[in-house]
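K.L.:
Input file: entry.cif. Contents: mmCIF, C-alpha atoms and all ligand atoms.
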data_work
loop_
_atom_site.label_atom_id
_atom_site.label_comp_id
_atom_site.auth_asym_id
_atom_site.auth_seq_id
_atom_site.Cartn_x
_atom_site.Cartn_y
_atom_site.Cartn_z
CA GLN A 5 -14.01 5.83 18.46
CA SER A 6 -17.74 6.36 18.63
CA GLU A 7 -19.80 5.74 21.74
CA LEU A 8 -21.70 3.07 19.85
CA ARG A 9 -18.50 1.20 19.11
CA THR A 10 -17.47 1.36 22.77
CA LYS A 11 -20.85 -0.10 23.77
CA LEU A 12 -20.62 -2.81 21.13
CA MET A 13 -17.17 -3.82 22.34
CA GLU A 14 -18.48 -3.88 25.91
CA ALA A 15 -21.35 -6.16 24.94
CA LEU A 16 -19.07 -8.53 23.04
CA SER A 17 -16.48 -8.53 25.85
CA LYS A 18 -19.10 -9.36 28.46
CA ALA A 19 -20.05 -12.43 26.46
CA ASP A 20 -16.42 -13.47 26.94
CA GLY A 21 -16.10 -15.53 23.78
CA ALA A 22 -19.62 -17.00 23.98
CA PHE A 23 -22.45 -16.06 21.60
CA ILE A 24 -24.53 -13.01 22.30
CA SER A 25 -27.68 -12.45 20.30
CA GLY A 26 -28.24 -9.50 18.00
CA GLN A 27 -31.28 -8.60 20.08
CA GLU A 28 -29.27 -8.46 23.31
CA ILE A 29 -26.59 -6.31 21.69
CA ALA A 30 -29.25 -4.03 20.20
CA GLU A 31 -30.82 -3.52 23.63
CA TYR A 32 -27.45 -2.94 25.24
CA ILE A 33 -26.38 -0.23 22.85
CA GLY A 34 -29.86 1.09 22.13
CA CYS A 35 -30.09 0.62 18.38
CA SER A 36 -31.84 -1.66 15.89
CA ARG A 37 -30.71 -5.18 15.05
CA THR A 38 -29.95 -4.03 11.53
CA ALA A 39 -27.67 -1.39 12.98
CA VAL A 40 -25.95 -4.08 15.06
CA TRP A 41 -25.35 -6.10 11.92
CA LYS A 42 -23.91 -3.02 10.23
CA HIS A 43 -21.53 -2.39 13.15
CA ILE A 44 -20.42 -6.01 13.13
CA GLU A 45 -19.64 -5.67 9.43
CA ASP A 46 -17.52 -2.61 10.27
CA LEU A 47 -15.65 -4.66 12.86
CA ARG A 48 -14.99 -7.34 10.28
CA SER A 49 -13.64 -4.85 7.81
CA GLU A 50 -11.18 -3.73 10.47
CA GLY A 51 -9.85 -7.24 10.76
CA TYR A 52 -11.88 -8.64 13.65
CA ARG A 53 -13.03 -12.14 13.02
CA VAL A 54 -16.64 -12.41 14.11
CA GLU A 55 -18.70 -15.54 13.85
CA ALA A 56 -22.41 -15.10 13.20
CA VAL A 57 -24.78 -18.03 13.69
CA ARG A 58 -28.53 -17.90 13.19
CA LYS A 59 -30.55 -18.03 16.40
CA LYS A 60 -27.36 -17.80 18.48
CA GLY A 61 -25.93 -14.44 17.57
CA TYR A 62 -22.40 -13.16 17.37
CA ARG A 63 -19.11 -14.21 18.82
CA ILE A 64 -15.66 -12.62 18.53
CA ILE A 65 -13.05 -15.12 17.46
CA SER A 66 -10.05 -12.86 17.25
CA ALA A 67 -9.02 -9.25 17.28
CA PRO A 68 -7.06 -7.90 14.33
CA GLU A 69 -3.40 -8.59 14.02
CA LYS A 70 -1.44 -5.37 14.36
CA VAL A 71 1.69 -4.23 12.62
CA SER A 72 3.56 -2.84 15.61
CA GLU A 73 7.38 -2.74 15.84
CA SER A 74 7.75 -6.12 17.50
CA GLU A 75 5.33 -7.87 15.16
CA ILE A 76 7.35 -6.68 12.19
CA GLN A 77 10.76 -7.22 13.72
CA LEU A 78 10.17 -10.75 14.99
CA GLY A 79 11.39 -12.79 12.05
CA LEU A 80 12.63 -9.86 9.98
CA GLU A 81 15.59 -10.94 7.85
CA THR A 82 17.21 -7.63 6.97
CA ARG A 83 20.42 -5.86 7.88
CA THR A 84 19.38 -2.20 7.88
CA ILE A 85 15.92 -1.79 6.39
CA GLY A 86 13.27 -1.79 9.09
CA LYS A 87 15.79 -2.02 11.93
CA MET A 88 14.31 1.21 13.26
CA ILE A 89 10.53 1.34 13.22
CA HIS A 90 8.28 4.22 14.12
CA TYR A 91 4.80 2.80 14.68
CA GLN A 92 1.62 4.70 15.38
CA GLU A 93 -1.96 3.48 15.39
CA THR A 94 -3.45 6.49 13.60
CA VAL A 95 -1.62 9.12 11.59
CA GLU A 96 -2.48 11.75 9.01
CA SER A 97 0.08 10.31 6.62
CA THR A 98 3.15 8.16 7.23
CA GLN A 99 4.90 10.31 4.59
CA LYS A 100 4.55 13.36 6.78
CA ILE A 101 6.12 11.64 9.78
CA ALA A 102 8.89 10.19 7.63
CA HIS A 103 9.75 13.68 6.35
CA GLN A 104 10.02 14.94 9.93
CA LEU A 105 12.17 12.00 11.00
CA ALA A 106 14.37 12.37 7.92
CA ASN A 107 14.95 16.02 8.86
CA GLU A 108 15.92 14.95 12.35
CA GLY A 109 18.62 12.78 10.79
CA VAL A 110 17.39 9.27 11.56
CA GLN A 111 19.35 6.39 10.10
CA GLU A 112 18.82 4.98 6.64
CA GLY A 113 16.27 2.18 6.59
CA THR A 114 14.00 3.75 9.22
CA LEU A 115 10.40 2.72 8.62
CA VAL A 116 7.21 4.55 9.56
CA VAL A 117 4.12 2.38 9.74
CA ALA A 118 0.54 2.98 10.84
CA GLU A 119 -2.68 1.01 11.20
CA GLU A 120 -4.69 3.83 9.65
CA GLN A 121 -4.15 7.08 7.80
CA ILE A 122 -6.77 9.76 7.94
CA SER A 123 -5.30 11.77 5.09
CA GLY A 124 -3.18 9.32 3.13
CA LYS A 125 -1.56 10.89 0.09
CA GLY A 126 -1.32 9.85 -3.53
CA ARG A 127 0.56 11.76 -6.19
CA LEU A 128 -0.46 15.29 -7.23
CA MET A 129 -2.43 15.99 -4.05
CA ARG A 130 -4.70 13.01 -4.60
CA SER A 131 -5.85 11.06 -1.59
CA TRP A 132 -5.13 7.48 -0.64
CA HIS A 133 -7.82 5.47 1.13
CA SER A 134 -6.17 3.84 4.17
CA PRO A 135 -8.69 2.17 6.49
CA LYS A 136 -7.73 0.75 9.86
CA TYR A 137 -6.07 -2.66 10.22
CA SER A 138 -6.81 -3.84 6.71
CA GLY A 139 -3.88 -2.55 4.68
CA ILE A 140 -0.20 -1.69 4.87
CA TRP A 141 0.54 2.01 5.08
CA MET A 142 4.23 2.62 5.42
CA SER A 143 7.06 4.96 4.47
CA LEU A 144 10.71 4.02 4.21
CA ILE A 145 13.58 6.49 4.55
CA LEU A 146 16.59 5.90 2.32
CA ARG A 147 19.71 8.02 1.90
CA PRO A 148 21.23 6.90 -1.38
CA LYS A 149 24.32 8.62 -2.74
CA ILE A 150 22.96 9.02 -6.25
CA PRO A 151 22.27 12.04 -8.47
CA VAL A 152 18.88 13.68 -7.92
CA HIS A 153 17.61 12.82 -11.40
CA GLU A 154 18.05 9.11 -10.73
CA ALA A 155 15.76 9.08 -7.69
CA PRO A 156 12.68 8.00 -9.74
CA GLN A 157 14.47 4.69 -10.28
CA LEU A 158 13.77 3.95 -6.64
CA THR A 159 10.02 4.03 -7.28
CA LEU A 160 10.51 1.32 -9.88
CA LEU A 161 12.79 -0.61 -7.53
CA ALA A 162 10.18 -0.45 -4.79
CA ALA A 163 7.49 -1.66 -7.19
CA VAL A 164 9.57 -4.72 -8.09
CA ALA A 165 10.23 -5.47 -4.40
CA VAL A 166 6.55 -5.23 -3.54
CA ALA A 167 5.58 -7.40 -6.52
CA GLN A 168 8.08 -10.02 -5.33
CA ALA A 169 6.69 -9.80 -1.80
CA ILE A 170 3.18 -10.45 -3.15
CA GLU A 171 4.49 -13.51 -4.98
CA ASP A 172 6.26 -14.66 -1.82
CA THR A 173 3.09 -14.53 0.26
CA THR A 174 0.26 -15.40 -2.16
CA ALA A 175 -0.28 -17.39 -5.33
CA LEU A 176 -1.19 -14.19 -7.18
CA LYS A 177 0.53 -12.79 -10.26
CA PRO A 178 1.17 -9.09 -9.69
CA GLN A 179 1.84 -6.76 -12.60
CA ILE A 180 3.34 -3.28 -12.56
CA LYS A 181 1.76 -0.35 -14.35
CA TRP A 182 4.26 2.43 -14.94
CA PRO A 183 5.40 4.06 -12.81
CA ASN A 184 3.93 3.27 -9.46
CA ASP A 185 0.90 0.98 -9.50
CA ILE A 186 0.79 -2.72 -8.83
CA LEU A 187 -2.20 -4.48 -10.29
CA VAL A 188 -3.62 -7.92 -9.71
CA ASN A 189 -6.11 -9.07 -12.32
CA ARG A 190 -5.92 -5.53 -13.72
CA LYS A 191 -7.03 -3.90 -10.47
CA LYS A 192 -4.88 -1.64 -8.35
CA VAL A 193 -3.77 -3.25 -5.09
CA VAL A 194 -0.69 -1.13 -4.39
CA GLY A 195 0.30 2.50 -4.88
CA ILE A 196 3.77 3.90 -4.34
CA LEU A 197 4.66 7.53 -3.74
CA THR A 198 8.31 8.59 -3.78
CA GLU A 199 9.27 11.95 -2.37
CA MET A 200 12.66 13.48 -1.95
CA GLN A 201 14.51 15.95 0.22
CA ALA A 202 17.38 17.38 -1.78
CA GLU A 203 19.36 20.53 -2.40
CA SER A 204 20.92 21.31 -5.79
CA ASP A 205 22.25 17.90 -6.74
CA ARG A 206 22.54 16.29 -3.34
CA ILE A 207 19.90 13.94 -1.98
CA HIS A 208 19.27 14.18 1.75
CA SER A 209 16.68 11.46 1.74
CA VAL A 210 14.26 9.60 -0.43
CA ILE A 211 10.99 8.67 1.20
CA ILE A 212 9.23 5.75 -0.36
CA GLY A 213 5.57 5.55 0.64
CA ILE A 214 3.92 2.21 0.03
CA GLY A 215 0.19 1.61 0.33
CA MET A 216 -0.96 -2.01 -0.01
CA ASN A 217 -4.55 -3.20 0.12
CA ILE A 218 -4.40 -6.48 2.00
CA ASN A 219 -7.53 -7.60 3.84
CA GLN A 220 -10.24 -5.22 2.63
CA GLN A 221 -13.49 -6.58 1.27
CA LEU A 222 -14.93 -4.92 -1.82
CA GLU A 223 -17.49 -2.95 0.18
CA ASP A 224 -14.72 -1.47 2.33
CA PHE A 225 -13.65 0.64 -0.64
CA PRO A 226 -15.46 3.87 -1.43
CA GLU A 227 -17.82 3.36 -4.34
CA GLU A 228 -15.68 5.27 -6.82
CA LEU A 229 -12.79 2.86 -6.20
CA GLN A 230 -14.70 -0.42 -6.31
CA GLU A 231 -14.29 -0.80 -10.08
CA LYS A 232 -10.57 -0.19 -10.22
CA ALA A 233 -9.16 -1.15 -6.80
CA SER A 234 -8.81 -4.48 -5.07
CA SER A 235 -7.05 -6.20 -2.19
CA LEU A 236 -4.99 -9.36 -1.84
CA LEU A 237 -7.88 -10.87 0.15
CA ILE A 238 -10.40 -10.17 -2.61
CA GLU A 239 -8.12 -11.57 -5.30
CA SER A 240 -6.82 -14.61 -3.41
CA GLY A 241 -9.79 -15.40 -1.18
CA GLU A 242 -7.48 -15.65 1.82
CA THR A 243 -6.81 -13.42 4.80
CA ILE A 244 -3.16 -12.49 4.74
CA SER A 245 -0.86 -11.55 7.60
CA ARG A 246 0.11 -7.95 7.07
CA SER A 247 3.29 -8.23 9.13
CA THR A 248 4.45 -11.17 7.01
CA VAL A 249 3.90 -9.14 3.85
CA ILE A 250 5.80 -6.20 5.37
CA GLN A 251 8.69 -8.48 6.33
CA ARG A 252 8.90 -9.88 2.82
CA ALA A 253 8.67 -6.43 1.25
CA LEU A 254 11.48 -5.10 3.45
CA TYR A 255 13.60 -8.15 2.71
CA ARG A 256 13.08 -7.80 -1.03
CA LEU A 257 13.68 -4.04 -0.86
CA GLU A 258 17.00 -4.53 0.87
CA LYS A 259 18.16 -7.17 -1.59
CA LEU A 260 17.27 -4.99 -4.60
CA TYR A 261 18.68 -1.84 -3.02
CA ASP A 262 22.01 -3.59 -2.39
CA LEU A 263 22.02 -4.83 -5.98
CA TYR A 264 21.16 -1.34 -7.24
CA LEU A 265 23.94 0.35 -5.29
CA LYS A 266 26.42 -2.26 -6.51
CA GLU A 267 25.41 -2.76 -10.13
CA GLY A 268 23.26 0.22 -11.02
CA PHE A 269 19.77 0.31 -12.46
CA LYS A 270 20.16 -2.25 -15.26
CA PRO A 271 19.29 -5.41 -13.28
CA ILE A 272 16.36 -3.59 -11.64
CA LYS A 273 15.15 -2.40 -15.02
CA ASP A 274 15.18 -5.96 -16.38
CA LEU A 275 13.17 -7.20 -13.43
CA TRP A 276 10.78 -4.27 -13.70
CA GLU A 277 10.14 -5.02 -17.37
CA SER A 278 9.41 -8.64 -16.52
CA TYR A 279 6.47 -7.45 -14.39
CA ALA A 280 5.34 -4.60 -16.65
CA ILE A 281 1.72 -4.87 -17.73
CA SER A 282 1.56 -2.97 -20.98
CA LEU A 283 4.88 -3.14 -22.77
CA GLY A 284 4.31 -3.52 -26.48
CA GLN A 285 0.72 -2.33 -26.17
CA VAL A 286 -0.87 0.98 -27.07
CA ILE A 287 -1.61 3.03 -23.98
CA ARG A 288 -2.72 6.55 -23.21
CA ALA A 289 -0.53 8.78 -21.04
CA SER A 290 -2.07 11.94 -19.60
CA THR A 291 0.55 14.42 -18.50
CA VAL A 292 -0.14 17.81 -16.96
CA ASN A 293 -0.31 19.53 -20.37
CA ASP A 294 -0.89 16.81 -22.86
CA THR A 295 -2.20 13.38 -23.74
CA ILE A 296 0.00 11.00 -25.68
CA VAL A 297 -1.30 7.79 -27.20
CA GLY A 298 1.35 5.35 -28.23
CA LYS A 299 2.94 1.97 -27.98
CA ALA A 300 4.86 1.44 -24.75
CA LEU A 301 8.37 0.52 -25.81
CA GLY A 302 9.93 0.20 -22.38
CA ILE A 303 11.71 2.33 -19.83
CA THR A 304 15.07 4.04 -20.16
CA ASP A 305 17.93 3.64 -17.72
CA ALA A 306 16.61 6.76 -16.02
CA GLY A 307 13.23 5.12 -15.48
CA VAL A 308 11.53 7.23 -18.14
CA LEU A 309 8.70 5.63 -20.12
CA LEU A 310 9.06 5.58 -23.91
CA LEU A 311 5.94 5.79 -26.05
CA GLU A 312 5.92 5.52 -29.82
CA ASP A 313 3.01 7.37 -31.46
CA ASP A 314 1.37 6.30 -34.73
CA LYS A 315 3.74 8.54 -36.71
CA GLY A 316 6.70 6.65 -35.32
CA LYS A 317 7.80 9.48 -33.06
CA VAL A 318 9.13 8.34 -29.67
CA HIS A 319 8.03 10.39 -26.66
CA SER A 320 9.76 10.36 -23.28
CA VAL A 321 7.20 10.38 -20.49
CA TYR A 322 8.54 11.58 -17.14
CA SER A 323 5.33 11.76 -15.20
CA ALA A 324 1.81 10.84 -16.24
CA ASP A 325 -1.28 8.82 -15.53
CA ILE A 326 -1.56 5.79 -17.72
CA GLU A 327 -4.70 4.20 -19.10
CA ILE A 328 -4.29 0.67 -20.35
C1 LIG A 401 -0.51 6.44 -5.53
O1 LIG A 401 -0.88 7.67 -6.01
O2 LIG A 401 -0.88 5.39 -5.97
C2 LIG A 401 0.42 6.51 -4.33
C3 LIG A 401 -0.22 6.00 -3.08
C4 LIG A 401 0.76 5.95 -1.93
C5 LIG A 401 0.10 5.62 -0.63
C6 LIG A 401 1.10 5.43 0.48
S1 LIG A 401 0.40 4.76 1.91
C7 LIG A 401 1.79 5.09 2.84
C8 LIG A 401 2.29 6.44 2.37
N1 LIG A 401 1.66 7.50 3.12
C9 LIG A 401 0.88 8.26 2.34
O3 LIG A 401 0.22 9.24 2.74
N2 LIG A 401 0.93 7.82 1.07
C10 LIG A 401 1.82 6.68 0.94
P1 LIG A 401 -1.67 7.91 -7.38
O4 LIG A 401 -0.97 7.18 -8.49
O5 LIG A 401 -1.80 9.39 -7.47
O6 LIG A 401 -3.05 7.23 -7.16
C11 LIG A 401 -4.03 7.82 -6.34
C12 LIG A 401 -5.40 7.37 -6.84
O7 LIG A 401 -5.57 5.98 -6.54
C13 LIG A 401 -6.55 8.08 -6.16
O8 LIG A 401 -6.88 9.26 -6.81
C14 LIG A 401 -7.66 7.03 -6.26
O9 LIG A 401 -8.27 7.06 -7.53
C15 LIG A 401 -6.90 5.73 -6.16
N3 LIG A 401 -6.90 5.18 -4.78
C16 LIG A 401 -7.01 5.83 -3.61
N4 LIG A 401 -6.92 4.98 -2.57
C17 LIG A 401 -6.76 3.75 -3.10
C18 LIG A 401 -6.61 2.45 -2.54
N5 LIG A 401 -6.57 2.22 -1.21
N6 LIG A 401 -6.47 1.41 -3.41
C19 LIG A 401 -6.47 1.59 -4.75
N7 LIG A 401 -6.62 2.79 -5.33
C20 LIG A 401 -6.76 3.87 -4.52
#
Write the structure described by the file as structure tokens, please.
Ligand code: BT5

P.N.:
Amino acid sequence: QSELRTKLMEALSKADGAFISGQEIAEYIGCSRTAVWKHIEDLRSEGYRVEAVRKKGYRIISAPEKVSESEIQLGLETRTIGKMIHYQETVESTQKIAHQLANEGVQEGTLVVAEEQISGKGRLMRSWHSPKYSGIWMSLILRPKIPVHEAPQLTLLAAVAVAQAIEDTTALKPQIKWPNDILVNRKKVVGILTEMQAESDRIHSVIIGIGMNINQQLEDFPEELQEKASSLLIESGETISRSTVIQRALYRLEKLYDLYLKEGFKPIKDLWESYAISLGQVIRASTVNDTIVGKALGITDAGVLLLEDDKGKVHSVYSADIEI
């Protein structure tokens, strides 16, 4: 936390819920009024609700809701998922902590959650923007007794659960872009990263990392993401309780995971296809070595994407970036 921020919080605390003018704050922290405005905007993007009234100044209405253990667990309707929660305000990546905990042998369903990640991870060493208090950054440890090659199915399962959780908590219509993106109005609001600890054909643990943009404003995203990313707040116009979304996501995950262990991938696959954005359309898949353009036919029982090119040849896509 910067010294400026400390001073700003001091000034606002002293006002004790009353208005304090921009000029007074500026004098207190020793900066311009424009800088004050900028810092207030930063506070807002972190989930503080700040009222600004002309000629009166600023007033803090509420501090951000957190997603600590008790906030998540109060009202959580699951049996195992999220019964153990490891919460930290700031982490490098919740994936990293989850890997450590998985190695230490923690129970299935253990959840790692943070308010902020300073080096959040996407796939293929890409980074995931995870600002403080405005999104959900969490990693779930599962220990399914399934063959290693079926583990990618869990990414698709998680995507369905998260899409359902968005429907449970907003009026939005989420869509899934294979394999791991959830879009609202064609913009990415969720990314999922599944990693595995396994030896030969035995899974020790599957770590499902879920990043959800919840209460960010457009300007909270780095410029290069503003065109393609969005948040539930931007799309719905409403501030959304992150702990409620987490509770719904964990509930949906548990229900689908139970179904999956009992009946296999088929029911999950059907649900997944009902949310899929580009089935039947021509899309472009960039793999490490190659680019395939073709009509998306669907996914196989292994969770592999099938693309039919213009010569009628069907390609199996195991891992790629998709342009729609
Ligand atoms: C993903 O990768 O979409 C997986 C993201 C998983 C993030 C979660 S958060 C909790 C857990 N802990 C972690 O460290 N990670 C997981 P990929 O398909 O490779 O997409 C990454 C790309 O999405 C980046 O290269 C950016 O272009 C874009 N991106 C980065 N941050 C974003 C954000 N907050 N919202 C939307 N798009 C973003």

K.L.:
Write out, as CSV, each residue of segment 24-120 of chain A that has an atom at most 12 Å from segment 148-164 of chain A, together with the closest pair of atoms and their distance in Å to one decimal, counting only C-alpha atoms, rows going by chain and rising number.

P.N.:
residue,atom,partner,partner_atom,distance
A:Gln111,CA,A:Pro148,CA,11.6
A:Glu112,CA,A:Pro148,CA,8.6
A:Gly113,CA,A:Pro148,CA,10.5

K.L.:
Using Å and a single decimal, report how far atom CA of Ile44 of chain A sits from atom CA of Leu8 of chain A.

P.N.:
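A separation of 11.4 Å between them.
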
K.L.:
His103 of chain A: which residues within 9 Å, counting only C-alpha atoms, same-chain residues fewer than 5 positions away excluded, as an NGL selection string?

P.N.:
:A and (98 or 108 or 145 or 199-201 or 209 or 211)

K.L.:
At what distance in Å, to one decimal, does atom CA of Ala253 of chain A lie from atom CA of Glu50 of chain A?

P.N.:
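Between atom CA of Glu50 of chain A and atom CA of Ala253 of chain A the gap works out to 22.1 Å.
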
K.L.:
List all protein, DNA and RNA residues that have any atom at most 7 Å from ligand LIG 401 (chain A), counting only C-alpha atoms and all ligand atoms, and write the list as a CSV table (one decimal) with C-alpha atoms, keeping the file's coordinate frame.

P.N.:
chain,number,residue,atom,x,y,z
A,97,SER,CA,0.1,10.3,6.6
A,98,THR,CA,3.2,8.2,7.2
A,99,GLN,CA,4.9,10.3,4.6
A,123,SER,CA,-5.3,11.8,5.1
A,124,GLY,CA,-3.2,9.3,3.1
A,125,LYS,CA,-1.6,10.9,0.1
A,126,GLY,CA,-1.3,9.8,-3.5
A,127,ARG,CA,0.6,11.8,-6.2
A,128,LEU,CA,-0.5,15.3,-7.2
A,130,ARG,CA,-4.7,13.0,-4.6
A,131,SER,CA,-5.8,11.1,-1.6
A,132,TRP,CA,-5.1,7.5,-0.6
A,133,HIS,CA,-7.8,5.5,1.1
A,134,SER,CA,-6.2,3.8,4.2
A,141,TRP,CA,0.5,2.0,5.1
A,142,MET,CA,4.2,2.6,5.4
A,143,SER,CA,7.1,5.0,4.5
A,184,ASN,CA,3.9,3.3,-9.5
A,185,ASP,CA,0.9,1.0,-9.5
A,192,LYS,CA,-4.9,-1.6,-8.4
A,193,VAL,CA,-3.8,-3.2,-5.1
A,194,VAL,CA,-0.7,-1.1,-4.4
A,195,GLY,CA,0.3,2.5,-4.9
A,196,ILE,CA,3.8,3.9,-4.3
A,197,LEU,CA,4.7,7.5,-3.7
A,213,GLY,CA,5.6,5.6,0.6
A,214,ILE,CA,3.9,2.2,0.0
A,215,GLY,CA,0.2,1.6,0.3
A,217,ASN,CA,-4.6,-3.2,0.1
A,229,LEU,CA,-12.8,2.9,-6.2
A,232,LYS,CA,-10.6,-0.2,-10.2
A,233,ALA,CA,-9.2,-1.2,-6.8
A,234,SER,CA,-8.8,-4.5,-5.1

K.L.:
Give me, as a tab-separated table, the closest atom pair and its distance (Å, one decimal) for every residue of segment 154-200 of chain A within a cut-off of 6 Å of segment 275-295 of chain A, counting all atoms listed in the file, rows sorted by chain and rising number.

P.N.:
residue	atom	partner	partner_atom	distance
A:Val164	CA	A:Trp276	CA	5.8
A:Gln179	CA	A:Tyr279	CA	5.0
A:Ile180	CA	A:Ala280	CA	4.7
A:Lys181	CA	A:Ile281	CA	5.6

K.L.:
Tell me which protein, DNA and RNA residues are within 12 Å of Thr94 of chain A, counting all atoms listed in the file, leaving out same-chain ones fewer than 2 positions away, and put them as a VMD selection string.

P.N.:
chain A and resid 5 71 to 72 90 to 92 96 to 98 101 116 to 124 134 to 137 141 to 142

K.L.:
For Ala167 of chain A, which residue among A:Leu146, A:Gly26, A:Arg252, A:Glu31 is the nearest when counting all atoms listed in the file?

P.N.:
A:Arg252

K.L.:
May I have the residues within 12 Å of Met13 of chain A as a PyMOL selection string, using all atoms listed in the file and disregarding those fewer than 2 positions away in the same chain?

P.N.:
chain A and resi 5-11+15-21+24+29+32-33+40+43-44+47+52+54+62-64+67

K.L.:
Have a look at A:Glu14, A:Asp305, A:Asp46, A:Glu73 and name the one nearest to Ile250 of chain A; count only C-alpha atoms.

P.N.:
A:Glu73

K.L.:
Which residue out of A:Asn107, A:Ser138, A:Thr114, A:Ser320 has the minimum interatomic distance to Glu69 of chain A when all atoms listed in the file are used?

P.N.:
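Of A:Asn107, A:Ser138, A:Thr114, A:Ser320, the one nearest Glu69 of chain A, counting all atoms listed in the file, is A:Ser138.
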
K.L.:
Find the spatial neighbours of Val318 of chain A, counting all atoms listed in the file, within a cut-off of 10 Å - ignore same-chain residues fewer than 3 positions away - and output them as a ChimeraX atom specification.

P.N.:
/A:298-301,309-315,321

K.L.:
Could you write out the selected residues, including C-alpha atoms, as a compact mmCIF listing (two decimals), in the frame of the given file?

P.N.:
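Output file part06.txt is given in full below:
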# COMPACT_ATOMS: atom_id res chain seq x y z
CA GLY A 298 1.35 5.35 -28.23
CA LYS A 299 2.94 1.97 -27.98
CA ALA A 300 4.86 1.44 -24.75
CA LEU A 301 8.37 0.52 -25.81
CA LEU A 309 8.70 5.63 -20.12
CA LEU A 310 9.06 5.58 -23.91
CA LEU A 311 5.94 5.79 -26.05
CA GLU A 312 5.92 5.52 -29.82
CA ASP A 313 3.01 7.37 -31.46
CA ASP A 314 1.37 6.30 -34.73
CA LYS A 315 3.74 8.54 -36.71
CA VAL A 321 7.20 10.38 -20.49

K.L.:
Between atom CA of Gly61 of chain A and atom CA of Phe23 of chain A, what is the distance, to one decimal in Å?

P.N.:
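Those two atoms sit 5.6 Å apart.
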
K.L.:
Around all the atoms of segment 10-29 of chain A listed in the file, with 6 Å of room on each side, what axis-aligned box do you get, giving centre and edge lengths in Å to one decimal, as lines of an AutoDock Vina configuration file?

P.N.:
center_x = -23.7
center_y = -7.8
center_z = 23.2
size_x = 27.2
size_y = 30.4
size_z = 22.5

K.L.:
For a quick check of understanding, using only C-alpha atoms, which of A:Ile328, A:Ile218, A:Val95, A:Ile85 has the smallest distance to Tyr261 of chain A?

P.N.:
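Counting only C-alpha atoms, the residue closest to Tyr261 of chain A is A:Ile85.
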